[in-house]
Structures are given as C-alpha cells and as structure tokens.
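Structure file target.txt (compact mmCIF, C-alpha atoms) follows.
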```txt
# COMPACT_ATOMS: atom_id res chain seq x y z
CA MET H 207 -69.85 -23.11 -146.63
CA TYR H 208 -69.31 -20.64 -143.79
CA ASN H 209 -73.06 -20.26 -143.31
CA ILE H 210 -73.62 -23.98 -143.27
CA VAL H 211 -70.89 -24.65 -140.76
CA SER H 212 -71.75 -21.73 -138.50
CA ALA H 213 -75.41 -22.82 -138.51
CA LEU H 214 -74.28 -26.34 -137.71
CA SER H 215 -72.08 -25.04 -134.89
CA ALA H 216 -74.96 -23.08 -133.44
CA TRP H 217 -77.24 -26.12 -133.47
CA VAL H 218 -74.92 -28.89 -132.50
CA ILE H 219 -74.62 -28.04 -128.81
CA PRO H 220 -78.35 -27.66 -128.13
CA VAL H 221 -78.97 -30.91 -129.98
CA ILE H 222 -76.27 -32.77 -128.03
CA VAL H 223 -77.41 -31.32 -124.71
CA ALA H 224 -81.00 -32.41 -125.38
CA PHE H 225 -80.24 -35.70 -127.07
CA ILE H 226 -77.84 -37.28 -124.57
CA PRO H 227 -80.19 -37.11 -121.52
CA LEU H 228 -83.18 -38.13 -123.64
CA TYR H 229 -81.38 -41.15 -125.06
CA ALA H 230 -80.13 -42.11 -121.60
CA ALA H 231 -83.58 -41.70 -120.07
CA THR H 232 -85.09 -44.11 -122.59
CA ARG H 233 -82.46 -46.59 -121.44
CA LYS H 234 -83.60 -46.18 -117.82
CA ILE H 235 -80.38 -44.44 -116.77
CA PRO H 236 -80.76 -42.16 -113.71
CA VAL H 237 -79.70 -39.15 -115.76
CA TYR H 238 -79.62 -36.59 -113.00
CA GLU H 239 -77.46 -38.76 -110.76
CA SER H 240 -75.15 -39.61 -113.64
CA PHE H 241 -74.73 -35.95 -114.46
CA VAL H 242 -73.88 -34.97 -110.90
CA ASP H 243 -71.56 -37.91 -110.57
CA GLY H 244 -69.61 -36.86 -113.67
CA ALA H 245 -69.68 -33.13 -112.95
CA LYS H 246 -68.18 -33.49 -109.49
CA ASP H 247 -64.84 -34.30 -111.12
CA GLY H 248 -64.80 -30.92 -112.84
CA PHE H 249 -63.58 -29.03 -109.82
CA GLN H 250 -60.74 -31.38 -108.94
CA THR H 251 -59.64 -31.50 -112.56
CA ALA H 252 -59.49 -27.72 -112.78
CA VAL H 253 -57.71 -27.42 -109.45
CA LYS H 254 -55.17 -30.01 -110.54
CA MET H 255 -54.19 -27.75 -113.42
CA ILE H 256 -53.47 -24.72 -111.24
CA PRO H 257 -49.77 -25.37 -110.55
CA HIS H 258 -49.11 -26.16 -114.21
CA LEU H 259 -50.90 -23.07 -115.46
CA ILE H 260 -49.29 -20.81 -112.87
CA ALA H 261 -45.84 -22.04 -113.88
CA MET H 262 -46.52 -21.44 -117.56
CA MET H 263 -48.32 -18.13 -117.17
CA VAL H 264 -45.60 -16.67 -114.93
CA ALA H 265 -42.92 -17.48 -117.50
CA ILE H 266 -44.96 -16.04 -120.36
CA SER H 267 -45.88 -12.96 -118.36
CA VAL H 268 -42.25 -12.26 -117.38
CA PHE H 269 -41.05 -12.82 -120.92
CA ARG H 270 -43.52 -10.30 -122.31
CA ALA H 271 -43.45 -7.64 -119.60
CA SER H 272 -39.65 -7.48 -119.45
CA GLY H 273 -39.37 -6.53 -123.10
CA ALA H 274 -37.54 -9.79 -123.91
CA MET H 275 -40.28 -10.75 -126.37
CA ASP H 276 -40.01 -7.44 -128.24
CA LEU H 277 -36.24 -7.76 -128.32
CA LEU H 278 -36.45 -11.25 -129.80
CA LEU H 279 -38.91 -10.04 -132.40
CA SER H 280 -36.81 -7.08 -133.46
CA LEU H 281 -33.70 -9.28 -133.69
CA MET H 282 -35.43 -11.76 -135.97
CA LYS H 283 -37.24 -9.34 -138.25
CA PRO H 284 -34.33 -8.63 -140.69
CA PHE H 285 -34.01 -12.34 -141.47
CA PHE H 286 -37.63 -12.45 -142.46
CA ASP H 287 -37.31 -9.40 -144.65
CA LEU H 288 -34.38 -11.11 -146.36
CA ALA H 289 -36.52 -14.16 -147.11
CA GLY H 290 -39.07 -11.96 -148.87
CA VAL H 291 -41.77 -12.57 -146.29
CA PRO H 292 -43.39 -9.46 -144.83
CA GLY H 293 -41.48 -9.01 -141.54
CA GLU H 294 -44.63 -7.87 -139.78
CA ILE H 295 -45.87 -11.45 -139.87
CA PHE H 296 -42.98 -12.81 -137.87
CA PRO H 297 -44.11 -11.76 -134.37
CA LEU H 298 -47.31 -13.67 -134.98
CA ALA H 299 -45.36 -16.87 -135.62
CA ILE H 300 -43.68 -16.44 -132.22
CA LEU H 301 -46.80 -15.31 -130.37
CA ARG H 302 -49.16 -17.96 -131.77
CA PRO H 303 -47.82 -21.01 -129.89
CA ILE H 304 -47.28 -19.01 -126.68
CA THR H 305 -50.38 -16.93 -126.11
CA GLY H 306 -53.84 -17.24 -127.61
CA SER H 307 -55.10 -13.82 -126.56
CA GLY H 308 -51.79 -12.15 -127.45
CA SER H 309 -51.70 -13.57 -130.96
CA LEU H 310 -55.35 -12.72 -131.53
CA ALA H 311 -54.70 -9.13 -130.46
CA TYR H 312 -51.69 -8.95 -132.77
CA THR H 313 -53.70 -10.36 -135.69
CA ALA H 314 -56.40 -7.76 -135.11
CA ASP H 315 -53.73 -5.07 -134.94
CA LEU H 316 -52.21 -6.16 -138.27
CA MET H 317 -55.64 -6.00 -139.89
CA LYS H 318 -56.23 -2.56 -138.50
CA GLN H 319 -52.86 -1.40 -139.79
CA PHE H 320 -52.76 -3.07 -143.21
CA GLY H 321 -56.39 -4.02 -143.81
CA PRO H 322 -57.88 -7.52 -143.70
CA ASP H 323 -57.67 -7.87 -147.49
CA SER H 324 -53.95 -7.08 -147.74
CA MET H 325 -51.44 -9.89 -148.13
CA ILE H 326 -50.34 -9.40 -144.52
CA GLY H 327 -53.96 -9.51 -143.35
CA ARG H 328 -54.61 -12.71 -145.25
CA ILE H 329 -51.46 -14.47 -144.10
CA ALA H 330 -52.17 -13.42 -140.50
CA SER H 331 -55.74 -14.73 -140.74
CA THR H 332 -54.56 -18.04 -142.13
CA MET H 333 -51.86 -18.43 -139.48
CA GLN H 334 -54.17 -17.51 -136.64
CA GLY H 335 -56.87 -19.90 -137.80
CA SER H 336 -54.81 -22.92 -138.68
CA THR H 337 -53.11 -23.81 -135.38
CA ASP H 338 -53.78 -23.66 -131.67
CA THR H 339 -51.86 -22.23 -128.71
CA THR H 340 -49.40 -25.10 -128.29
CA LEU H 341 -48.01 -24.16 -124.85
CA TYR H 342 -51.47 -23.64 -123.40
CA VAL H 343 -52.90 -26.86 -124.81
CA LEU H 344 -49.93 -28.80 -123.48
CA THR H 345 -50.20 -27.23 -120.04
CA VAL H 346 -53.94 -27.80 -119.70
CA TYR H 347 -54.15 -31.31 -121.15
CA PHE H 348 -51.14 -32.75 -119.38
CA GLY H 349 -51.72 -30.70 -116.24
CA ALA H 350 -55.21 -32.12 -115.86
CA VAL H 351 -53.87 -35.65 -115.52
CA GLY H 352 -50.71 -34.79 -113.61
CA ILE H 353 -48.20 -35.55 -116.34
CA ARG H 354 -44.91 -33.88 -115.49
CA LYS H 355 -42.58 -35.47 -118.02
CA THR H 356 -43.89 -34.38 -121.38
CA LYS H 357 -41.32 -36.29 -123.46
CA TYR H 358 -41.25 -35.15 -127.09
CA ALA H 359 -44.76 -33.65 -127.10
CA LEU H 360 -43.67 -30.00 -127.15
CA LYS H 361 -41.14 -30.59 -129.93
CA VAL H 362 -43.84 -32.18 -132.07
CA GLY H 363 -46.25 -29.32 -131.39
CA LEU H 364 -43.74 -26.56 -132.16
CA ALA H 365 -42.39 -28.28 -135.25
CA ALA H 366 -45.92 -28.69 -136.58
CA ASP H 367 -46.59 -25.02 -135.85
CA LEU H 368 -43.50 -24.02 -137.81
CA ILE H 369 -44.57 -26.12 -140.79
CA GLY H 370 -48.09 -24.70 -140.52
CA PHE H 371 -46.73 -21.13 -140.59
CA ALA H 372 -44.52 -21.81 -143.59
CA ALA H 373 -47.51 -23.42 -145.30
CA SER H 374 -49.73 -20.40 -144.50
CA VAL H 375 -47.26 -17.98 -146.07
CA ILE H 376 -46.70 -20.11 -149.17
CA ILE H 377 -50.40 -20.83 -149.75
CA CYS H 378 -51.43 -17.22 -149.38
CA ILE H 379 -48.72 -16.06 -151.79
CA LEU H 380 -49.77 -18.75 -154.27
CA ILE H 381 -53.50 -18.05 -154.03
CA PHE H 382 -53.66 -14.31 -153.49
CA GLY H 383 -50.27 -13.23 -154.80
CA MET F 241 -37.77 -29.08 -123.79
CA VAL F 242 -40.46 -27.67 -121.47
CA ASN F 243 -37.81 -27.25 -118.79
CA PHE F 244 -35.53 -25.43 -121.18
CA ILE F 245 -38.20 -23.08 -122.52
CA TRP F 246 -39.46 -22.33 -119.05
CA VAL F 247 -36.07 -21.41 -117.61
CA ALA F 248 -35.08 -19.56 -120.78
CA MET F 249 -38.19 -17.38 -120.72
CA ILE F 250 -37.81 -16.42 -117.08
CA VAL F 251 -34.04 -15.84 -117.13
CA ALA F 252 -34.11 -13.98 -120.45
CA GLY F 253 -36.97 -11.92 -119.08
CA PHE F 254 -35.09 -10.79 -116.00
CA VAL F 255 -31.81 -10.18 -117.85
CA VAL F 256 -33.55 -7.99 -120.42
CA ALA F 257 -35.49 -6.27 -117.64
CA ALA F 258 -32.23 -5.44 -115.87
CA PHE F 259 -30.80 -3.82 -119.01
CA GLN F 260 -33.96 -1.93 -119.83
CA GLY F 261 -34.66 -0.86 -116.27
CA ARG F 262 -37.99 -2.63 -116.17
CA MET F 263 -37.39 -4.65 -113.04
CA GLU F 264 -40.42 -3.34 -111.26
CA GLU F 265 -42.90 -4.15 -114.04
CA THR F 266 -41.28 -7.53 -114.51
CA THR F 267 -41.54 -8.44 -110.85
CA LYS F 268 -45.17 -7.40 -110.96
CA ALA F 269 -45.59 -9.59 -114.06
CA VAL F 270 -44.60 -12.64 -112.00
CA PHE F 271 -47.62 -12.26 -109.77
CA ASP F 272 -49.90 -11.11 -112.57
CA GLY F 273 -48.97 -14.27 -114.43
CA ALA F 274 -49.70 -16.42 -111.41
CA GLU F 275 -53.05 -14.74 -111.06
CA THR F 276 -53.85 -15.33 -114.73
CA GLY F 277 -53.10 -19.01 -114.26
CA VAL F 278 -55.57 -19.26 -111.41
CA THR F 279 -58.18 -17.19 -113.25
CA ILE F 280 -58.00 -19.52 -116.25
CA CYS F 281 -58.48 -22.56 -114.01
CA PHE F 282 -61.45 -21.04 -112.27
CA GLY F 283 -62.95 -20.10 -115.60
CA LEU F 284 -62.64 -23.72 -116.65
CA ILE F 285 -64.49 -25.12 -113.63
CA SER F 286 -67.97 -24.40 -114.95
CA ILE F 287 -67.59 -25.70 -118.50
CA LEU F 288 -65.48 -28.59 -117.33
CA SER F 289 -68.05 -29.69 -114.75
CA PHE F 290 -70.91 -29.29 -117.20
CA TRP F 291 -69.35 -31.31 -120.00
CA LEU F 292 -67.97 -33.96 -117.69
CA GLY F 293 -71.51 -34.39 -116.34
CA MET F 294 -72.96 -34.62 -119.84
CA MET F 295 -70.33 -37.08 -120.97
CA LYS F 296 -70.91 -39.21 -117.89
CA ILE F 297 -74.56 -39.58 -118.92
CA ALA F 298 -73.40 -40.49 -122.43
CA GLU F 299 -71.00 -43.03 -120.98
CA ASP F 300 -73.60 -44.62 -118.67
CA ALA F 301 -76.09 -44.82 -121.53
CA GLY F 302 -73.53 -46.61 -123.70
CA LEU F 303 -73.37 -43.79 -126.23
CA LEU F 304 -69.62 -43.40 -125.98
CA GLN F 305 -69.21 -47.10 -126.42
CA ARG F 306 -71.20 -46.90 -129.65
CA LEU F 307 -69.16 -43.94 -130.77
CA SER F 308 -65.90 -45.77 -130.19
CA ASN F 309 -67.25 -48.84 -131.97
CA ALA F 310 -68.25 -46.73 -134.94
CA ILE F 311 -64.94 -44.93 -134.95
CA SER F 312 -63.12 -44.60 -138.22
CA PRO F 313 -60.22 -46.98 -138.77
CA PHE F 314 -58.06 -43.89 -139.22
CA VAL F 315 -58.40 -42.81 -135.60
CA ARG F 316 -57.76 -46.35 -134.44
CA LEU F 317 -54.65 -46.38 -136.58
CA LEU F 318 -53.43 -43.27 -134.76
CA PHE F 319 -53.95 -44.89 -131.36
CA PRO F 320 -52.84 -48.48 -131.80
CA SER F 321 -52.22 -49.01 -128.09
CA VAL F 322 -55.80 -48.24 -127.05
CA PRO F 323 -57.97 -51.38 -126.86
CA LYS F 324 -60.73 -51.52 -129.46
CA ASP F 325 -63.69 -50.98 -127.13
CA HIS F 326 -61.99 -48.64 -124.66
CA PRO F 327 -63.97 -45.47 -123.74
CA ALA F 328 -60.86 -43.39 -124.49
CA LEU F 329 -61.56 -43.75 -128.20
CA GLY F 330 -65.06 -42.34 -127.75
CA TYR F 331 -63.69 -39.31 -125.93
CA ILE F 332 -60.93 -38.83 -128.49
CA MET F 333 -63.54 -38.88 -131.24
CA SER F 334 -65.74 -36.35 -129.37
CA ASN F 335 -62.72 -34.13 -128.79
CA LEU F 336 -61.68 -34.18 -132.43
CA SER F 337 -65.22 -33.54 -133.72
CA ALA F 338 -65.74 -30.64 -131.30
CA ASN F 339 -62.43 -29.19 -132.48
CA MET F 340 -63.38 -29.45 -136.13
CA LEU F 341 -66.67 -27.64 -135.52
CA GLY F 342 -64.83 -24.94 -133.60
CA LEU F 343 -66.60 -25.71 -130.32
CA GLY F 344 -63.62 -24.74 -128.22
CA ASN F 345 -65.31 -24.90 -124.82
CA ALA F 346 -66.66 -28.39 -125.46
CA ALA F 347 -63.44 -29.63 -127.08
CA THR F 348 -61.24 -28.92 -124.06
CA PRO F 349 -63.27 -30.91 -121.47
CA MET F 350 -63.57 -33.83 -123.87
CA GLY F 351 -59.87 -33.71 -124.59
CA ILE F 352 -59.11 -33.69 -120.87
CA LYS F 353 -61.47 -36.61 -120.34
CA ALA F 354 -59.73 -38.47 -123.17
CA MET F 355 -56.39 -37.75 -121.47
CA GLN F 356 -57.74 -39.13 -118.19
CA GLU F 357 -58.81 -42.33 -119.96
CA LEU F 358 -55.41 -42.61 -121.62
CA GLN F 359 -53.80 -42.04 -118.24
CA LYS F 360 -55.58 -45.16 -116.95
CA LEU F 361 -53.75 -47.14 -119.64
CA ASN F 362 -50.45 -45.40 -118.93
CA PRO F 363 -47.96 -47.51 -116.93
CA ASP F 364 -45.96 -44.48 -115.76
CA LYS F 365 -48.33 -41.87 -114.34
CA GLU F 366 -45.84 -39.01 -114.46
CA THR F 367 -44.62 -39.50 -118.01
CA ALA F 368 -46.72 -38.91 -121.09
CA SER F 369 -47.50 -42.10 -123.00
CA PRO F 370 -47.12 -42.16 -126.79
CA ALA F 371 -50.91 -42.17 -127.18
CA MET F 372 -51.11 -39.04 -125.03
CA CYS F 373 -48.46 -37.35 -127.16
CA THR F 374 -50.45 -38.18 -130.29
CA LEU F 375 -53.65 -36.74 -128.84
CA LEU F 376 -51.77 -33.62 -127.82
CA ALA F 377 -50.23 -33.27 -131.29
CA LEU F 378 -53.69 -33.44 -132.86
CA ASN F 379 -54.95 -30.75 -130.50
CA THR F 380 -52.01 -28.34 -130.73
CA SER F 381 -52.16 -28.38 -134.52
CA SER F 382 -55.98 -28.21 -134.33
CA ILE F 383 -58.15 -29.26 -137.23
CA THR F 384 -60.56 -26.35 -137.61
CA LEU F 385 -62.99 -26.49 -140.51
CA ILE F 386 -64.09 -22.87 -140.13
CA PRO F 387 -61.98 -20.34 -138.21
CA THR F 388 -64.97 -18.47 -136.76
CA THR F 389 -62.99 -16.06 -134.56
CA VAL F 390 -60.76 -14.94 -137.42
CA ILE F 391 -63.76 -14.45 -139.71
CA ALA F 392 -65.41 -12.32 -137.04
CA ILE F 393 -62.31 -10.11 -136.77
CA ARG F 394 -62.16 -9.75 -140.55
CA MET F 395 -65.80 -8.68 -140.61
CA ASN F 396 -65.01 -6.20 -137.88
CA PHE F 397 -62.38 -4.54 -140.05
CA ASN F 398 -64.76 -4.41 -143.04
CA SER F 399 -63.12 -7.06 -145.17
CA ALA F 400 -64.57 -7.22 -148.68
CA ASN F 401 -64.59 -10.99 -148.39
CA PRO F 402 -64.23 -12.17 -144.78
CA THR F 403 -64.46 -15.86 -145.63
CA GLU F 404 -61.89 -15.88 -148.44
CA ILE F 405 -59.30 -17.25 -146.00
CA VAL F 406 -61.34 -20.38 -145.23
CA GLY F 407 -59.73 -22.28 -148.09
CA THR F 408 -56.16 -21.26 -147.27
CA THR F 409 -56.72 -21.96 -143.57
CA LEU F 410 -58.09 -25.40 -144.37
CA VAL F 411 -55.03 -26.26 -146.45
CA ALA F 412 -52.65 -24.85 -143.82
CA THR F 413 -54.34 -26.65 -140.93
CA PHE F 414 -54.36 -29.88 -142.91
CA ILE F 415 -50.64 -29.56 -143.61
CA SER F 416 -49.76 -28.72 -139.99
CA THR F 417 -51.89 -31.56 -138.63
CA PHE F 418 -50.41 -33.98 -141.12
CA ALA F 419 -46.94 -32.76 -140.14
CA ALA F 420 -47.81 -33.23 -136.45
CA ILE F 421 -48.90 -36.82 -137.07
CA VAL F 422 -45.78 -37.63 -139.10
CA ILE F 423 -43.36 -36.04 -136.61
CA ASP F 424 -45.15 -37.72 -133.72
CA ARG F 425 -44.85 -41.05 -135.52
CA TRP F 426 -41.18 -40.44 -136.13
CA TYR F 427 -40.47 -39.83 -132.45
CA ARG F 428 -42.55 -42.82 -131.51
CA TYR F 429 -40.69 -44.98 -133.98
CA ARG F 430 -37.34 -43.66 -132.85
CA GLN F 431 -38.22 -44.44 -129.26
CA GLY F 432 -39.33 -47.92 -130.19
CA SER F 433 -35.99 -48.58 -131.86
CA ILE F 434 -34.01 -47.70 -128.74
CA PRO F 435 -32.54 -50.90 -127.26
CA PRO F 436 -35.15 -52.36 -124.91
CA GLY F 437 -35.03 -51.65 -121.22
CA PRO F 438 -36.83 -53.90 -118.76
CA PRO F 439 -39.57 -55.80 -120.64
CA SER F 440 -42.45 -54.18 -118.79
CA LYS F 441 -41.19 -50.76 -119.76
CA SER F 442 -40.86 -51.52 -123.44
CA ILE F 443 -44.51 -52.57 -123.56
CA GLY F 444 -45.39 -49.17 -122.18
CA LEU F 445 -43.28 -47.39 -124.74
CA LYS F 446 -44.78 -49.27 -127.66
CA GLY F 447 -48.23 -47.98 -126.97
```
Would you mind writing the file out in structure tokens?
Amino acid sequence: MYNIVSALSAWVIPVIVAFIPLYAATRKIPVYESFVDGAKDGFQTAVKMIPHLIAMMVAISVFRASGAMDLLLSLMKPFFDLAGVPGEIFPLAILRPITGSGSLAYTADLMKQFGPDSMIGRIASTMQGSTDTTLYVLTVYFGAVGIRKTKYALKVGLAADLIGFAASVIICILIFG
Amino acid sequence: MVNFIWVAMIVAGFVVAAFQGRMEETTKAVFDGAETGVTICFGLISILSFWLGMMKIAEDAGLLQRLSNAISPFVRLLFPSVPKDHPALGYIMSNLSANMLGLGNAATPMGIKAMQELQKLNPDKETASPAMCTLLALNTSSITLIPTTVIAIRMNFNSANPTEIVGTTLVATFISTFAAIVIDRWYRYRQGSIPPGPPSKSIGLKG
C-alpha cells in the first residue's frame, strides 16, 4: 500500500504538469500567456499573508522562547499520567496544532528516546500523521484572502485535533496494546 | 478565539520570562518570530506562483470546470452555498486530492485559490463565510492517506515495520476529519438558528 501510494505521489505531479498544458494546447489556449497571467498573482498572495504570519509567528516564538510552553507542559503532565496515557505524549498534543516543525522535531525525539516501535513511538507517529498544524493552516488560508474575523473556525480545528489525539491514543492501545 | 490565544501566548510568554529571567531571549524571540513569518511567505512565493500559473491554464482550458462538474455529491453536500458550476468546487476538489496524496506544496496553493474563489462569493470580505470555515476544517484535520514524513522518520530510527502506523493513522485522520465536519456543521446550524438580522445578512450566513 505504501509503495503504491508513494509511487503514485512521485508520478502524479509530473503527469499533471505535463498533462494540463498539453490538454490546453489542444484546445488552442495560449498556454504560456495563461500561465504567466495566473502566476503573477502568486507574489501578491504571498505578500498579503505576511502580516498574518508575522503576528502568529511572533506569538508562537515568544511562547516557546520564554519557557511558558515548557511550564504548561510540565503542569499538565501529571493529569495525563493519571489517565494512564504515557505523559511523554502530551507535549505533542499541544505542539501539533501550533508548530509543524516543532511537533515533527518532538516526534523524532520521542522515537530516538523510546524507539519507533514502542507504544509511545507508535502513538506519536499516529498523532503526527493524522492532523495538520491548525494555527498555521488558519493563518495562511485566511491570511491569503484577507479574512480577519475567523468566526468559529479555530474552535472547530482545535476540537477536531483533540478528538483526533484521543482517537490516536485509543486506536494504538487497541491495536498494538 | 484567535484574539484570545494570541494575547494569551504573548502575555503568558512575557510573564513567565520575567519570573525565569529570560527577558532577553524572549525579546529576541519577538523579532525572530517576525523574521520566520516573512521567511515562510517568501518561501511560498515560488510554489504559489507556479501552481497558480498551472491552475490558470487548467481553468482557461475548462479542466477545472469539468472537475467541478464531475465532483462527488459528497463534496457538494459539504458546500451547499457554492453554485453547482462554480470554479471554487474544482479548486476545493484539487486541494482535497492533493492533501490525500500528501502533496503538501501543491495542496496549499490550491487551497488558497479555493479560498479566493469562496471569497468572491462572500458578502462580508473581512469575515469568514461558512463555506470558508468548512474548507479550513477539512484542511486543519487533513485527510492523509499515507503519512510519508512520519514513515521516513520511522525508517530513520530503524523501525522494524515503518509502515505499521498507516492503518492507525488512517483511522485517526478519518475520525478527526469526521469530527471536524460534524462540529463545523453544528456551529453552522447554531448560527443559522440565531434570530435573523437584516435579510441580506442572513443569506450570507446560510451559505
């Protein structure tokens, strides 16, 4: 399954990149002009995101560098131990929605410490793979179109993350336990 | 919620820094963070421009139109406010498929393009429309078929069976995405049941 999908992933972009212009050319579309016309929006779109990303990255950076993140994690750990879930997993649940690179680094660190085939390694892998970096996705997607009032979007994202984490722990314990 | 989290992170950061005597590092972190934000945006320029160019060809050739026509009823069900033949559906479909295949750097530009199309339908340009919230929910919970990065890390640490977590990840991602859709629906429904404001506004909220 992994081989099939990774082969598919490797081929799908070349195929798309060749197929779209070819198909358009047979329809007498000026492909080069169309491409340039579309691509010129890329810069403005990226620039439009800058204020949103700066705002978010500054908050995340301050929260981590100050030690506030570590404090939060150490305060919450006992509750996790009580619930019978390996407490080492908890920081990942906090990091995952906030920082993509941070949670990836933490996952790698857990695997180094406990081994990828330990229960902690498996739960961490499942958690890391099953959701995306909610804060980043929200910032980029809404920032690109200038949405400032995000309504309930963040609540939905974080609630879904929480359910995903609980599901990861339960599934891994059921399957590998 | 964003406002709260933002203020809380910054204030908590500086309060903790004061107690732990890490003011200097924390002040530096402010500007490091700002720099990271800009670096990310600049990194996005190339892939964004490339995919937006590609998708423009697809749009001009009518490919996106065909994609949105062929779209599964399920996706249409998720975005009831988007007109049947609107290009937004084509972009949403491209975004979701790229996500499933784990093509992160193609998924983001297509998602942004889908957002831009949804923004055209949005009556209030500063406030997220329900359709935008749904698209965001689908992306934050991400439907990945194969978590390639995680498998690579597991291989790196000599896992006996690097792909054994594919099944558990699939179940977990399915549950979190399903939860995202249900919670999103619930908020949408709750908003719809709020006594109507001016008529034009309630049409916007329905969507």
For chain H, which residues have at least one atom within 6 Å of chain F, if we go by all atoms listed in the file? Write them as a PDB file with C-alpha atoms, in the frame of the given file, please.
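Dumped everything to out-v2.pdb:
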```
ATOM      1  CA  ILE H 226     -77.840 -37.280-124.570  1.00  0.00           C
ATOM      2  CA  ALA H 230     -80.130 -42.110-121.600  1.00  0.00           C
ATOM      3  CA  SER H 240     -75.150 -39.610-113.640  1.00  0.00           C
ATOM      4  CA  PHE H 241     -74.730 -35.950-114.460  1.00  0.00           C
ATOM      5  CA  VAL H 242     -73.880 -34.970-110.900  1.00  0.00           C
ATOM      6  CA  GLY H 244     -69.610 -36.860-113.670  1.00  0.00           C
ATOM      7  CA  ALA H 245     -69.680 -33.130-112.950  1.00  0.00           C
ATOM      8  CA  GLY H 248     -64.800 -30.920-112.840  1.00  0.00           C
ATOM      9  CA  PHE H 249     -63.580 -29.030-109.820  1.00  0.00           C
ATOM     10  CA  ALA H 252     -59.490 -27.720-112.780  1.00  0.00           C
ATOM     11  CA  ILE H 256     -53.470 -24.720-111.240  1.00  0.00           C
ATOM     12  CA  LEU H 259     -50.900 -23.070-115.460  1.00  0.00           C
ATOM     13  CA  ILE H 260     -49.290 -20.810-112.870  1.00  0.00           C
ATOM     14  CA  MET H 263     -48.320 -18.130-117.170  1.00  0.00           C
ATOM     15  CA  VAL H 264     -45.600 -16.670-114.930  1.00  0.00           C
ATOM     16  CA  ALA H 265     -42.920 -17.480-117.500  1.00  0.00           C
ATOM     17  CA  SER H 267     -45.880 -12.960-118.360  1.00  0.00           C
ATOM     18  CA  VAL H 268     -42.250 -12.260-117.380  1.00  0.00           C
ATOM     19  CA  PHE H 269     -41.050 -12.820-120.920  1.00  0.00           C
ATOM     20  CA  ALA H 271     -43.450  -7.640-119.600  1.00  0.00           C
ATOM     21  CA  SER H 272     -39.650  -7.480-119.450  1.00  0.00           C
ATOM     22  CA  ALA H 274     -37.540  -9.790-123.910  1.00  0.00           C
ATOM     23  CA  PRO H 322     -57.880  -7.520-143.700  1.00  0.00           C
ATOM     24  CA  ASP H 323     -57.670  -7.870-147.490  1.00  0.00           C
ATOM     25  CA  THR H 332     -54.560 -18.040-142.130  1.00  0.00           C
ATOM     26  CA  GLY H 335     -56.870 -19.900-137.800  1.00  0.00           C
ATOM     27  CA  SER H 336     -54.810 -22.920-138.680  1.00  0.00           C
ATOM     28  CA  THR H 337     -53.110 -23.810-135.380  1.00  0.00           C
ATOM     29  CA  ASP H 338     -53.780 -23.660-131.670  1.00  0.00           C
ATOM     30  CA  THR H 340     -49.400 -25.100-128.290  1.00  0.00           C
ATOM     31  CA  TYR H 347     -54.150 -31.310-121.150  1.00  0.00           C
ATOM     32  CA  VAL H 351     -53.870 -35.650-115.520  1.00  0.00           C
ATOM     33  CA  ILE H 353     -48.200 -35.550-116.340  1.00  0.00           C
ATOM     34  CA  ARG H 354     -44.910 -33.880-115.490  1.00  0.00           C
ATOM     35  CA  LYS H 355     -42.580 -35.470-118.020  1.00  0.00           C
ATOM     36  CA  THR H 356     -43.890 -34.380-121.380  1.00  0.00           C
ATOM     37  CA  ALA H 359     -44.760 -33.650-127.100  1.00  0.00           C
ATOM     38  CA  VAL H 362     -43.840 -32.180-132.070  1.00  0.00           C
ATOM     39  CA  GLY H 363     -46.250 -29.320-131.390  1.00  0.00           C
ATOM     40  CA  ALA H 366     -45.920 -28.690-136.580  1.00  0.00           C
ATOM     41  CA  ILE H 369     -44.570 -26.120-140.790  1.00  0.00           C
ATOM     42  CA  GLY H 370     -48.090 -24.700-140.520  1.00  0.00           C
ATOM     43  CA  ALA H 373     -47.510 -23.420-145.300  1.00  0.00           C
ATOM     44  CA  SER H 374     -49.730 -20.400-144.500  1.00  0.00           C
TER      45      SER H 374
END
```
Q: Measure the distance from atom CA of Ala314 of chain H to atom CA of Phe285 of chain H in Å and round it to one decimal.
A: 23.7 Å
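Here atom CA of Leu279 of chain H is placed at a distance of 9.6 Å from atom CA of Glu294 of chain H.
Pairwise distance (atom CA of Gly327 of chain H, atom CA of Thr313 of chain H) equals 7.7 Å.
The closest residue to Asn345 of chain F, picked from H:Ile219, H:Ala372, H:Ile326, H:Lys283 and counting all atoms listed in the file, is H:Ile219.
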